[in-house]
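> File name query-v1.cif; file contents mmCIF, C-alpha atoms; full text below.
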data_data
#
loop_
_atom_site.group_PDB
_atom_site.id
_atom_site.type_symbol
_atom_site.label_atom_id
_atom_site.label_comp_id
_atom_site.auth_asym_id
_atom_site.auth_seq_id
_atom_site.Cartn_x
_atom_site.Cartn_y
_atom_site.Cartn_z
ATOM 1 C CA MET U 1 -10.851 16.795 12.709
ATOM 2 C CA SER U 2 -11.963 20.134 14.109
ATOM 3 C CA SER U 3 -9.590 19.870 17.088
ATOM 4 C CA GLU U 4 -6.806 18.869 14.671
ATOM 5 C CA ALA U 5 -7.628 21.867 12.462
ATOM 6 C CA ASP U 6 -7.365 24.207 15.453
ATOM 7 C CA HIS U 7 -3.671 23.391 15.851
ATOM 8 C CA ALA U 8 -2.627 22.438 12.308
ATOM 9 C CA THR U 9 -0.861 24.617 9.786
ATOM 10 C CA PRO U 10 -2.598 25.396 6.482
ATOM 11 C CA GLY U 11 0.097 23.390 4.691
ATOM 12 C CA PHE U 12 -0.611 20.317 6.784
ATOM 13 C CA LEU U 13 -4.353 20.626 6.161
ATOM 14 C CA VAL U 14 -3.858 21.032 2.401
ATOM 15 C CA TRP U 15 -1.592 17.977 2.399
ATOM 16 C CA ARG U 16 -4.101 15.898 4.397
ATOM 17 C CA LEU U 17 -6.960 17.008 2.161
ATOM 18 C CA SER U 18 -5.019 16.179 -1.005
ATOM 19 C CA MET U 19 -4.221 12.702 0.363
ATOM 20 C CA LYS U 20 -7.865 12.110 1.299
ATOM 21 C CA TRP U 21 -9.074 13.223 -2.129
ATOM 22 C CA ARG U 22 -6.422 11.152 -3.888
ATOM 23 C CA VAL U 23 -7.532 8.012 -2.039
ATOM 24 C CA ALA U 24 -11.196 8.760 -2.783
ATOM 25 C CA VAL U 25 -10.522 9.273 -6.500
ATOM 26 C CA ASP U 26 -8.243 6.205 -6.666
ATOM 27 C CA ARG U 27 -11.024 4.060 -5.205
ATOM 28 C CA ALA U 28 -13.667 5.583 -7.470
ATOM 29 C CA VAL U 29 -11.776 5.131 -10.763
ATOM 30 C CA ALA U 30 -10.211 1.724 -9.983
ATOM 31 C CA PRO U 31 -13.182 -0.175 -11.483
ATOM 32 C CA LEU U 32 -12.480 1.692 -14.740
ATOM 33 C CA GLY U 33 -8.873 0.472 -14.718
ATOM 34 C CA LEU U 34 -7.412 3.856 -13.764
ATOM 35 C CA THR U 35 -5.385 5.340 -10.949
ATOM 36 C CA HIS U 36 -5.837 8.920 -9.773
ATOM 37 C CA ALA U 37 -2.755 10.024 -11.749
ATOM 38 C CA GLN U 38 -3.993 8.245 -14.891
ATOM 39 C CA TYR U 39 -7.383 9.875 -14.389
ATOM 40 C CA SER U 40 -5.662 13.272 -14.308
ATOM 41 C CA LEU U 41 -4.134 12.580 -17.713
ATOM 42 C CA VAL U 42 -7.260 11.058 -19.266
ATOM 43 C CA ALA U 43 -9.583 13.810 -17.993
ATOM 44 C CA SER U 44 -7.136 16.515 -19.097
ATOM 45 C CA LEU U 45 -6.791 14.948 -22.551
ATOM 46 C CA TYR U 46 -10.576 14.733 -22.783
ATOM 47 C CA GLY U 47 -10.975 18.432 -22.016
ATOM 48 C CA MET U 48 -8.098 19.437 -24.292
ATOM 49 C CA HIS U 49 -9.511 17.328 -27.139
ATOM 50 C CA HIS U 50 -12.844 19.124 -26.820
ATOM 51 C CA ALA U 51 -10.953 22.427 -26.965
ATOM 52 C CA GLY U 52 -9.358 21.314 -30.249
ATOM 53 C CA LEU U 53 -5.933 20.594 -28.750
ATOM 54 C CA ARG U 54 -3.641 17.605 -29.112
ATOM 55 C CA PRO U 55 -0.963 18.280 -26.513
ATOM 56 C CA SER U 56 2.574 17.018 -26.331
ATOM 57 C CA GLN U 57 3.590 15.074 -23.263
ATOM 58 C CA ARG U 58 5.393 18.213 -22.071
ATOM 59 C CA GLN U 59 2.290 20.386 -22.523
ATOM 60 C CA LEU U 60 0.206 17.819 -20.643
ATOM 61 C CA ALA U 61 2.799 17.748 -17.854
ATOM 62 C CA ASP U 62 2.616 21.546 -17.593
ATOM 63 C CA HIS U 63 -1.202 21.405 -17.576
ATOM 64 C CA THR U 64 -1.479 18.715 -14.882
ATOM 65 C CA GLY U 65 1.463 19.788 -12.713
ATOM 66 C CA LEU U 66 3.003 16.327 -13.007
ATOM 67 C CA GLU U 67 6.662 15.738 -13.845
ATOM 68 C CA PRO U 68 7.267 15.179 -17.587
ATOM 69 C CA LEU U 69 8.976 11.829 -16.937
ATOM 70 C CA TYR U 70 5.967 10.665 -14.906
ATOM 71 C CA VAL U 71 3.569 11.783 -17.649
ATOM 72 C CA SER U 72 5.624 9.780 -20.147
ATOM 73 C CA LYS U 73 5.421 6.685 -17.919
ATOM 74 C CA LEU U 74 1.670 7.112 -17.396
ATOM 75 C CA ALA U 75 1.085 7.718 -21.117
ATOM 76 C CA ARG U 76 2.962 4.518 -22.020
ATOM 77 C CA ALA U 77 0.832 2.523 -19.558
ATOM 78 C CA LEU U 78 -2.363 4.105 -20.918
ATOM 79 C CA GLU U 79 -1.194 3.362 -24.462
ATOM 80 C CA ALA U 80 -0.628 -0.306 -23.529
ATOM 81 C CA ALA U 81 -4.179 -0.365 -22.096
ATOM 82 C CA GLY U 82 -5.576 0.996 -25.384
ATOM 83 C CA THR U 83 -6.698 4.279 -23.832
ATOM 84 C CA VAL U 84 -4.148 6.711 -25.294
ATOM 85 C CA ASP U 85 -2.410 7.097 -28.652
ATOM 86 C CA ARG U 86 1.154 8.401 -28.587
ATOM 87 C CA THR U 87 2.575 9.675 -31.872
ATOM 88 C CA ARG U 88 5.704 11.573 -32.835
ATOM 89 C CA ASP U 89 5.124 15.193 -33.744
ATOM 90 C CA PRO U 90 6.108 15.624 -37.425
ATOM 91 C CA ALA U 91 7.198 19.222 -36.714
ATOM 92 C CA ASP U 92 9.410 18.159 -33.772
ATOM 93 C CA PRO U 93 10.575 14.535 -33.764
ATOM 94 C CA ARG U 94 11.582 14.848 -30.089
ATOM 95 C CA ALA U 95 7.991 15.630 -29.056
ATOM 96 C CA VAL U 96 5.289 13.016 -28.532
ATOM 97 C CA ARG U 97 1.665 14.078 -29.069
ATOM 98 C CA LEU U 98 -1.098 12.448 -27.052
ATOM 99 C CA SER U 99 -4.728 11.759 -27.780
ATOM 100 C CA LEU U 100 -7.433 9.492 -26.436
ATOM 101 C CA THR U 101 -8.460 6.445 -28.416
ATOM 102 C CA GLU U 102 -12.156 5.821 -28.999
ATOM 103 C CA ASP U 103 -12.138 3.531 -25.941
ATOM 104 C CA GLY U 104 -10.199 6.223 -24.068
ATOM 105 C CA GLN U 105 -12.914 8.776 -24.834
ATOM 106 C CA GLU U 106 -15.524 6.459 -23.309
ATOM 107 C CA VAL U 107 -13.378 5.679 -20.247
ATOM 108 C CA ALA U 108 -12.760 9.411 -19.779
ATOM 109 C CA ARG U 109 -16.491 10.251 -20.001
ATOM 110 C CA ARG U 110 -17.347 7.598 -17.427
ATOM 111 C CA ALA U 111 -14.442 8.518 -15.113
ATOM 112 C CA ILE U 112 -15.288 12.215 -15.196
ATOM 113 C CA GLY U 113 -18.874 11.417 -14.184
ATOM 114 C CA VAL U 114 -17.718 9.180 -11.335
ATOM 115 C CA VAL U 115 -15.196 11.736 -10.074
ATOM 116 C CA HIS U 116 -17.754 14.566 -10.222
ATOM 117 C CA GLY U 117 -19.944 12.468 -7.909
ATOM 118 C CA VAL U 118 -17.017 11.940 -5.517
ATOM 119 C CA LEU U 119 -16.157 15.641 -5.547
ATOM 120 C CA ASP U 120 -19.773 16.592 -4.895
ATOM 121 C CA GLN U 121 -19.701 14.289 -1.857
ATOM 122 C CA LEU U 122 -16.342 15.600 -0.610
ATOM 123 C CA LEU U 123 -17.492 19.189 -1.091
ATOM 124 C CA GLY U 124 -20.774 18.546 0.733
ATOM 125 C CA PRO U 125 -19.739 20.627 3.758
ATOM 126 C CA LEU U 126 -19.373 23.616 1.420
ATOM 127 C CA GLY U 127 -22.685 22.982 -0.318
ATOM 128 C CA GLY U 128 -21.522 20.620 -3.068
ATOM 129 C CA LEU U 129 -19.628 20.948 -6.313
ATOM 130 C CA ASP U 130 -21.654 23.840 -7.744
ATOM 131 C CA SER U 131 -22.150 25.936 -4.600
ATOM 132 C CA PRO U 132 -21.009 29.540 -4.137
ATOM 133 C CA ARG U 133 -18.792 28.464 -1.205
ATOM 134 C CA THR U 134 -17.072 25.881 -3.415
ATOM 135 C CA ARG U 135 -16.499 28.480 -6.138
ATOM 136 C CA ALA U 136 -14.971 30.808 -3.525
ATOM 137 C CA PHE U 137 -12.847 27.947 -2.142
ATOM 138 C CA SER U 138 -11.661 27.128 -5.670
ATOM 139 C CA GLY U 139 -10.710 30.769 -6.163
ATOM 140 C CA GLU U 140 -8.659 30.721 -2.955
ATOM 141 C CA LEU U 141 -6.911 27.510 -4.005
ATOM 142 C CA ALA U 142 -6.166 28.970 -7.451
ATOM 143 C CA ALA U 143 -4.639 32.040 -5.787
ATOM 144 C CA LEU U 144 -2.354 29.794 -3.723
ATOM 145 C CA LEU U 145 -1.402 27.752 -6.792
ATOM 146 C CA GLY U 146 -0.425 30.986 -8.525
ATOM 147 C CA VAL U 147 2.303 31.771 -5.988
ATOM 148 C CA SER U 148 5.769 31.462 -7.499
ATOM 149 C CA LEU U 149 8.199 28.988 -5.989
ATOM 150 C CA GLU U 150 11.063 31.401 -6.679
ATOM 151 C CA PRO U 151 12.435 33.252 -3.643
ATOM 152 C CA ARG U 152 11.198 36.853 -3.443
ATOM 153 C CA ASP U 153 14.595 38.463 -2.907
ATOM 154 C CA GLY U 154 16.740 36.412 -5.284
ATOM 155 C CA ARG U 155 18.355 34.287 -2.572
ATOM 156 C CA ALA U 156 18.126 30.521 -2.631
ATOM 157 C CA ALA U 157 15.551 29.093 -0.249
ATOM 158 C CA GLY U 158 17.056 28.696 3.213
ATOM 159 C CA ASP U 159 19.918 31.140 2.663
ATOM 160 C CA ALA U 160 20.469 33.552 5.519
ATOM 161 C CA PRO U 161 20.452 37.290 4.794
ATOM 162 C CA ALA U 162 23.871 38.832 4.229
ATOM 163 C CA ARG U 163 24.363 40.513 7.632
ATOM 164 C CA GLY U 164 27.735 39.187 8.590
ATOM 165 C CA PRO U 165 28.948 35.795 9.790
ATOM 166 C CA ALA U 166 28.049 36.168 13.476
ATOM 167 C CA HIS U 167 24.414 37.057 12.779
ATOM 168 C CA SER U 168 24.049 34.292 10.189
ATOM 169 C CA THR U 169 25.496 31.708 12.569
ATOM 170 C CA GLN U 170 23.220 32.868 15.389
ATOM 171 C CA LYS U 171 20.164 32.716 13.134
ATOM 172 C CA ARG U 172 21.002 29.164 12.025
ATOM 173 C CA SER U 173 21.588 28.169 15.663
ATOM 174 C CA ASP U 174 18.228 29.688 16.652
ATOM 175 C CA GLN U 175 16.485 27.880 13.797
ATOM 176 C CA HIS U 176 18.109 24.596 14.820
ATOM 177 C CA HIS U 177 16.770 25.142 18.357
ATOM 178 C CA VAL U 178 13.256 25.825 16.990
ATOM 179 C CA ASP U 179 13.435 22.695 14.812
ATOM 180 C CA GLU U 180 14.385 20.583 17.857
ATOM 181 C CA GLU U 181 11.451 21.960 19.860
ATOM 182 C CA GLN U 182 9.002 21.094 17.075
ATOM 183 C CA SER U 183 10.293 17.521 16.725
#
With the file now loaded, output its structure as structure tokens.

Amino acid sequence: MSSEADHATPGFLVWRLSMKWRVAVDRAVAPLGLTHAQYSLVASLYGMHHAGLRPSQRQLADHTGLEPLYVSKLARALEAAGTVDRTRDPADPRAVRLSLTEDGQEVARRAIGVVHGVLDQLLGPLGGLDSPRTRAFSGELAALLGVSLEPRDGRAAGDAPARGPAHSTQKRSDQHHVDEEQS
């Protein structure tokens, strides 16, 4: 991988790492009847419960970074498995509140322990889950996650600067040429 890393973009490496970690977590939590995405919900609900929170599906979607529709689908599957309770919010009948069942609490405890072991293994090159290098790496990742997806100058992503039609056409033509070279 070191020769690959020498020529790869940071985005490609982040993508490859996220895929590797997803596969590792999927394999680790499968014996508990969970997928990686379900683990994300169960572990988040576990932590939120211990913080005294009972989130809506929307709040859980915001917390996990998953799409609200996907969280709804996952929550229904976890409810069918007896892991999650879904109840209408009396203050807002459109909102569904989520909580772990008693069995869900146990599954979450076990899954969190298993995943911590996997993460400690995957973070071995940095000294493990609790190392100073891992804390620094986590800080760098958090900084990247904090970057807004909104364009800096108010233009839509991919729009050419307003410099006149000839310049805009030339820039698009140049970009097309660059894209062909990278293919």
> Work out how far apart CA of Ala5 (chain U) and CA of Pro125 (chain U) are and give it in Å to one decimal.
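Pair CA of Ala5 (chain U) / CA of Pro125 (chain U) returns 15.0 Å.
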> Can you list, as a PyMOL selection string, every protein, DNA or RNA residue that comes within 6 Å of region 35-49 of chain U when you count only C-alpha atoms, leaving out same-chain residues fewer than 2 positions away?
chain U and resi 25-26+51-53+108
> Between U:Asp6, U:Ser56, U:Leu13, U:Leu34, which has the minimum distance to Ala77 (chain U) (counting all atoms listed in the file)?
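Residue with the minimum atom-to-atom distance to Ala77 (chain U): U:Leu34.
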> Using only C-alpha atoms for the distances, tell me which of U:Val114, U:Pro10, U:Leu145, U:Arg135 is nearest to Arg27 (chain U).
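Closest to Arg27 (chain U), using only C-alpha atoms: U:Val114.
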> May I ask which of the residues U:Ala143, U:Leu122, U:Val71, U:Val84 is the closest one to Ser18 (chain U), counting all atoms listed in the file?
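Checking each of U:Ala143, U:Leu122, U:Val71, U:Val84 against Ser18 (chain U), counting all atoms listed in the file, the winner is U:Leu122.
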> As a check of understanding, name the residues that the PyMOL selection byres ((chain U and resi 61) around 12) selects in the supplied structure, as a list of chain:residue names.
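For this structure, the PyMOL selection byres ((chain U and resi 61) around 12) captures U:Ala37, U:Ser40, U:Leu41, U:Ser44, U:Leu45, U:Pro55, U:Ser56, U:Gln57, U:Arg58, U:Gln59, U:Leu60, U:Asp62, U:His63, U:Thr64, U:Gly65, U:Leu66, U:Glu67, U:Pro68, U:Leu69, U:Tyr70, U:Val71, U:Ser72, U:Lys73, U:Leu74, U:Ala75, U:Val96, U:Arg97, U:Leu98.
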> Could you list the residues chosen by the PyMOL selection byres ((chain U and resi 101) around 8) in this structure as a list in words?
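Evaluating the PyMOL selection byres ((chain U and resi 101) around 8) on these coordinates yields Gly82, Thr83, Val84, Asp85, Ser99, Leu100, Glu102, Asp103, Gly104 and Gln105 of chain U.
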> Considering only C-alpha atoms, state which residue in the set U:Ala30, U:Ile112, U:Leu123, U:Arg76 is at the smallest distance from Leu17 (chain U).
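Comparing U:Ala30, U:Ile112, U:Leu123, U:Arg76 against Leu17 (chain U), the winner is U:Leu123.
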> Return the single residue from U:Ala24, U:Val14, U:Leu141, U:Val147 that is closest to His116 (chain U), with distances computed using all atoms listed in the file.
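Closest candidate: U:Ala24.
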> Work out how far CA of Gly113 (chain U) is from CA of Glu140 (chain U), in Å to one decimal.
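Atom-to-atom, CA of Glu140 (chain U) to CA of Gly113 (chain U), that is 24.6 Å.
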> For CA of Leu144 (chain U) and CA of Val118 (chain U), determine how far apart the two atoms are, in Å to one decimal place.
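Result for CA of Leu144 (chain U) versus CA of Val118 (chain U): 23.2 Å, one decimal.
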> Box time for region 31-36 of chain U: axis-aligned, enclosing all its listed atoms, 4 Å extra on each side; report centre and edge lengths in Å to one decimal, as lines of an AutoDock Vina configuration file.

center_x = -9.3
center_y = 4.4
center_z = -12.3
size_x = 15.8
size_y = 17.1
size_z = 13.0
> With all atoms listed in the file as the basis for distance, which of U:Ala81, U:Asp153, U:Arg133, U:Gly117 is at the shortest distance from Leu32 (chain U)?
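Of U:Ala81, U:Asp153, U:Arg133, U:Gly117, the one nearest Leu32 (chain U) is U:Ala81, counting all atoms listed in the file.
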> Reconstruct all heavy atoms of region 38-49 of chain U; output as an mmCIF file, keeping the file's coordinate frame.

data_model
loop_
_atom_site.group_PDB
_atom_site.id
_atom_site.type_symbol
_atom_site.label_atom_id
_atom_site.label_comp_id
_atom_site.auth_asym_id
_atom_site.auth_seq_id
_atom_site.Cartn_x
_atom_site.Cartn_y
_atom_site.Cartn_z
ATOM 1 N N GLN U 38 -3.530 8.538 -13.527
ATOM 2 C CA GLN U 38 -3.993 8.245 -14.891
ATOM 3 C C GLN U 38 -5.273 9.002 -15.195
ATOM 4 O O GLN U 38 -5.453 9.503 -16.305
ATOM 5 C CB GLN U 38 -4.194 6.744 -15.076
ATOM 6 C CG GLN U 38 -2.909 5.962 -15.103
ATOM 7 C CD GLN U 38 -3.139 4.468 -15.097
ATOM 8 O OE1 GLN U 38 -4.131 3.973 -14.558
ATOM 9 N NE2 GLN U 38 -2.213 3.744 -15.698
ATOM 10 N N TYR U 39 -6.163 9.092 -14.206
ATOM 11 C CA TYR U 39 -7.383 9.875 -14.389
ATOM 12 C C TYR U 39 -7.040 11.327 -14.724
ATOM 13 O O TYR U 39 -7.660 11.925 -15.607
ATOM 14 C CB TYR U 39 -8.273 9.815 -13.137
ATOM 15 C CG TYR U 39 -9.362 10.854 -13.188
ATOM 16 C CD1 TYR U 39 -10.478 10.673 -14.006
ATOM 17 C CD2 TYR U 39 -9.254 12.046 -12.475
ATOM 18 C CE1 TYR U 39 -11.458 11.651 -14.092
ATOM 19 C CE2 TYR U 39 -10.228 13.019 -12.555
ATOM 20 C CZ TYR U 39 -11.326 12.821 -13.370
ATOM 21 O OH TYR U 39 -12.287 13.791 -13.472
ATOM 22 N N SER U 40 -6.057 11.887 -14.042
ATOM 23 C CA SER U 40 -5.662 13.272 -14.308
ATOM 24 C C SER U 40 -5.267 13.454 -15.767
ATOM 25 O O SER U 40 -5.637 14.445 -16.395
ATOM 26 C CB SER U 40 -4.494 13.687 -13.408
ATOM 27 O OG SER U 40 -4.892 13.691 -12.074
ATOM 28 N N LEU U 41 -4.535 12.496 -16.307
ATOM 29 C CA LEU U 41 -4.134 12.580 -17.713
ATOM 30 C C LEU U 41 -5.329 12.396 -18.644
ATOM 31 O O LEU U 41 -5.523 13.187 -19.577
ATOM 32 C CB LEU U 41 -3.078 11.517 -18.037
ATOM 33 C CG LEU U 41 -1.641 11.997 -18.049
ATOM 34 C CD1 LEU U 41 -1.220 12.536 -16.720
ATOM 35 C CD2 LEU U 41 -0.739 10.897 -18.537
ATOM 36 N N VAL U 42 -6.128 11.370 -18.390
ATOM 37 C CA VAL U 42 -7.260 11.058 -19.266
ATOM 38 C C VAL U 42 -8.279 12.199 -19.266
ATOM 39 O O VAL U 42 -8.748 12.626 -20.328
ATOM 40 C CB VAL U 42 -7.901 9.718 -18.835
ATOM 41 C CG1 VAL U 42 -9.229 9.478 -19.505
ATOM 42 C CG2 VAL U 42 -6.952 8.557 -19.122
ATOM 43 N N ALA U 43 -8.607 12.713 -18.082
ATOM 44 C CA ALA U 43 -9.583 13.810 -17.993
ATOM 45 C C ALA U 43 -9.037 15.072 -18.654
ATOM 46 O O ALA U 43 -9.775 15.791 -19.342
ATOM 47 C CB ALA U 43 -9.950 14.072 -16.540
ATOM 48 N N SER U 44 -7.739 15.337 -18.459
ATOM 49 C CA SER U 44 -7.136 16.515 -19.097
ATOM 50 C C SER U 44 -7.140 16.363 -20.613
ATOM 51 O O SER U 44 -7.465 17.313 -21.338
ATOM 52 C CB SER U 44 -5.712 16.718 -18.581
ATOM 53 O OG SER U 44 -5.729 17.059 -17.212
ATOM 54 N N LEU U 45 -6.771 15.181 -21.099
ATOM 55 C CA LEU U 45 -6.791 14.948 -22.551
ATOM 56 C C LEU U 45 -8.204 15.092 -23.109
ATOM 57 O O LEU U 45 -8.393 15.627 -24.205
ATOM 58 C CB LEU U 45 -6.237 13.565 -22.886
ATOM 59 C CG LEU U 45 -4.729 13.416 -22.854
ATOM 60 C CD1 LEU U 45 -4.328 11.950 -23.009
ATOM 61 C CD2 LEU U 45 -4.080 14.270 -23.939
ATOM 62 N N TYR U 46 -9.177 14.621 -22.365
ATOM 63 C CA TYR U 46 -10.576 14.733 -22.783
ATOM 64 C C TYR U 46 -10.965 16.204 -22.951
ATOM 65 O O TYR U 46 -11.514 16.602 -23.981
ATOM 66 C CB TYR U 46 -11.477 14.045 -21.757
ATOM 67 C CG TYR U 46 -12.916 13.942 -22.159
ATOM 68 C CD1 TYR U 46 -13.351 12.928 -23.000
ATOM 69 C CD2 TYR U 46 -13.860 14.853 -21.684
ATOM 70 C CE1 TYR U 46 -14.692 12.817 -23.356
ATOM 71 C CE2 TYR U 46 -15.194 14.762 -22.042
ATOM 72 C CZ TYR U 46 -15.597 13.736 -22.880
ATOM 73 O OH TYR U 46 -16.921 13.641 -23.240
ATOM 74 N N GLY U 47 -10.661 17.007 -21.944
ATOM 75 C CA GLY U 47 -10.975 18.432 -22.016
ATOM 76 C C GLY U 47 -10.195 19.135 -23.115
ATOM 77 O O GLY U 47 -10.739 19.981 -23.835
ATOM 78 N N MET U 48 -8.928 18.805 -23.261
ATOM 79 C CA MET U 48 -8.098 19.437 -24.292
ATOM 80 C C MET U 48 -8.580 19.042 -25.692
ATOM 81 O O MET U 48 -8.593 19.873 -26.599
ATOM 82 C CB MET U 48 -6.631 19.074 -24.079
ATOM 83 C CG MET U 48 -6.066 19.672 -22.786
ATOM 84 S SD MET U 48 -4.429 19.036 -22.397
ATOM 85 C CE MET U 48 -3.480 20.549 -22.524
ATOM 86 N N HIS U 49 -8.982 17.783 -25.852
ATOM 87 C CA HIS U 49 -9.511 17.328 -27.139
ATOM 88 C C HIS U 49 -10.747 18.140 -27.513
ATOM 89 O O HIS U 49 -10.893 18.583 -28.661
ATOM 90 C CB HIS U 49 -9.849 15.834 -27.070
ATOM 91 C CG HIS U 49 -10.627 15.338 -28.242
ATOM 92 N ND1 HIS U 49 -10.038 15.072 -29.455
ATOM 93 C CD2 HIS U 49 -11.950 15.101 -28.400
ATOM 94 C CE1 HIS U 49 -10.970 14.672 -30.301
ATOM 95 N NE2 HIS U 49 -12.144 14.679 -29.683
#
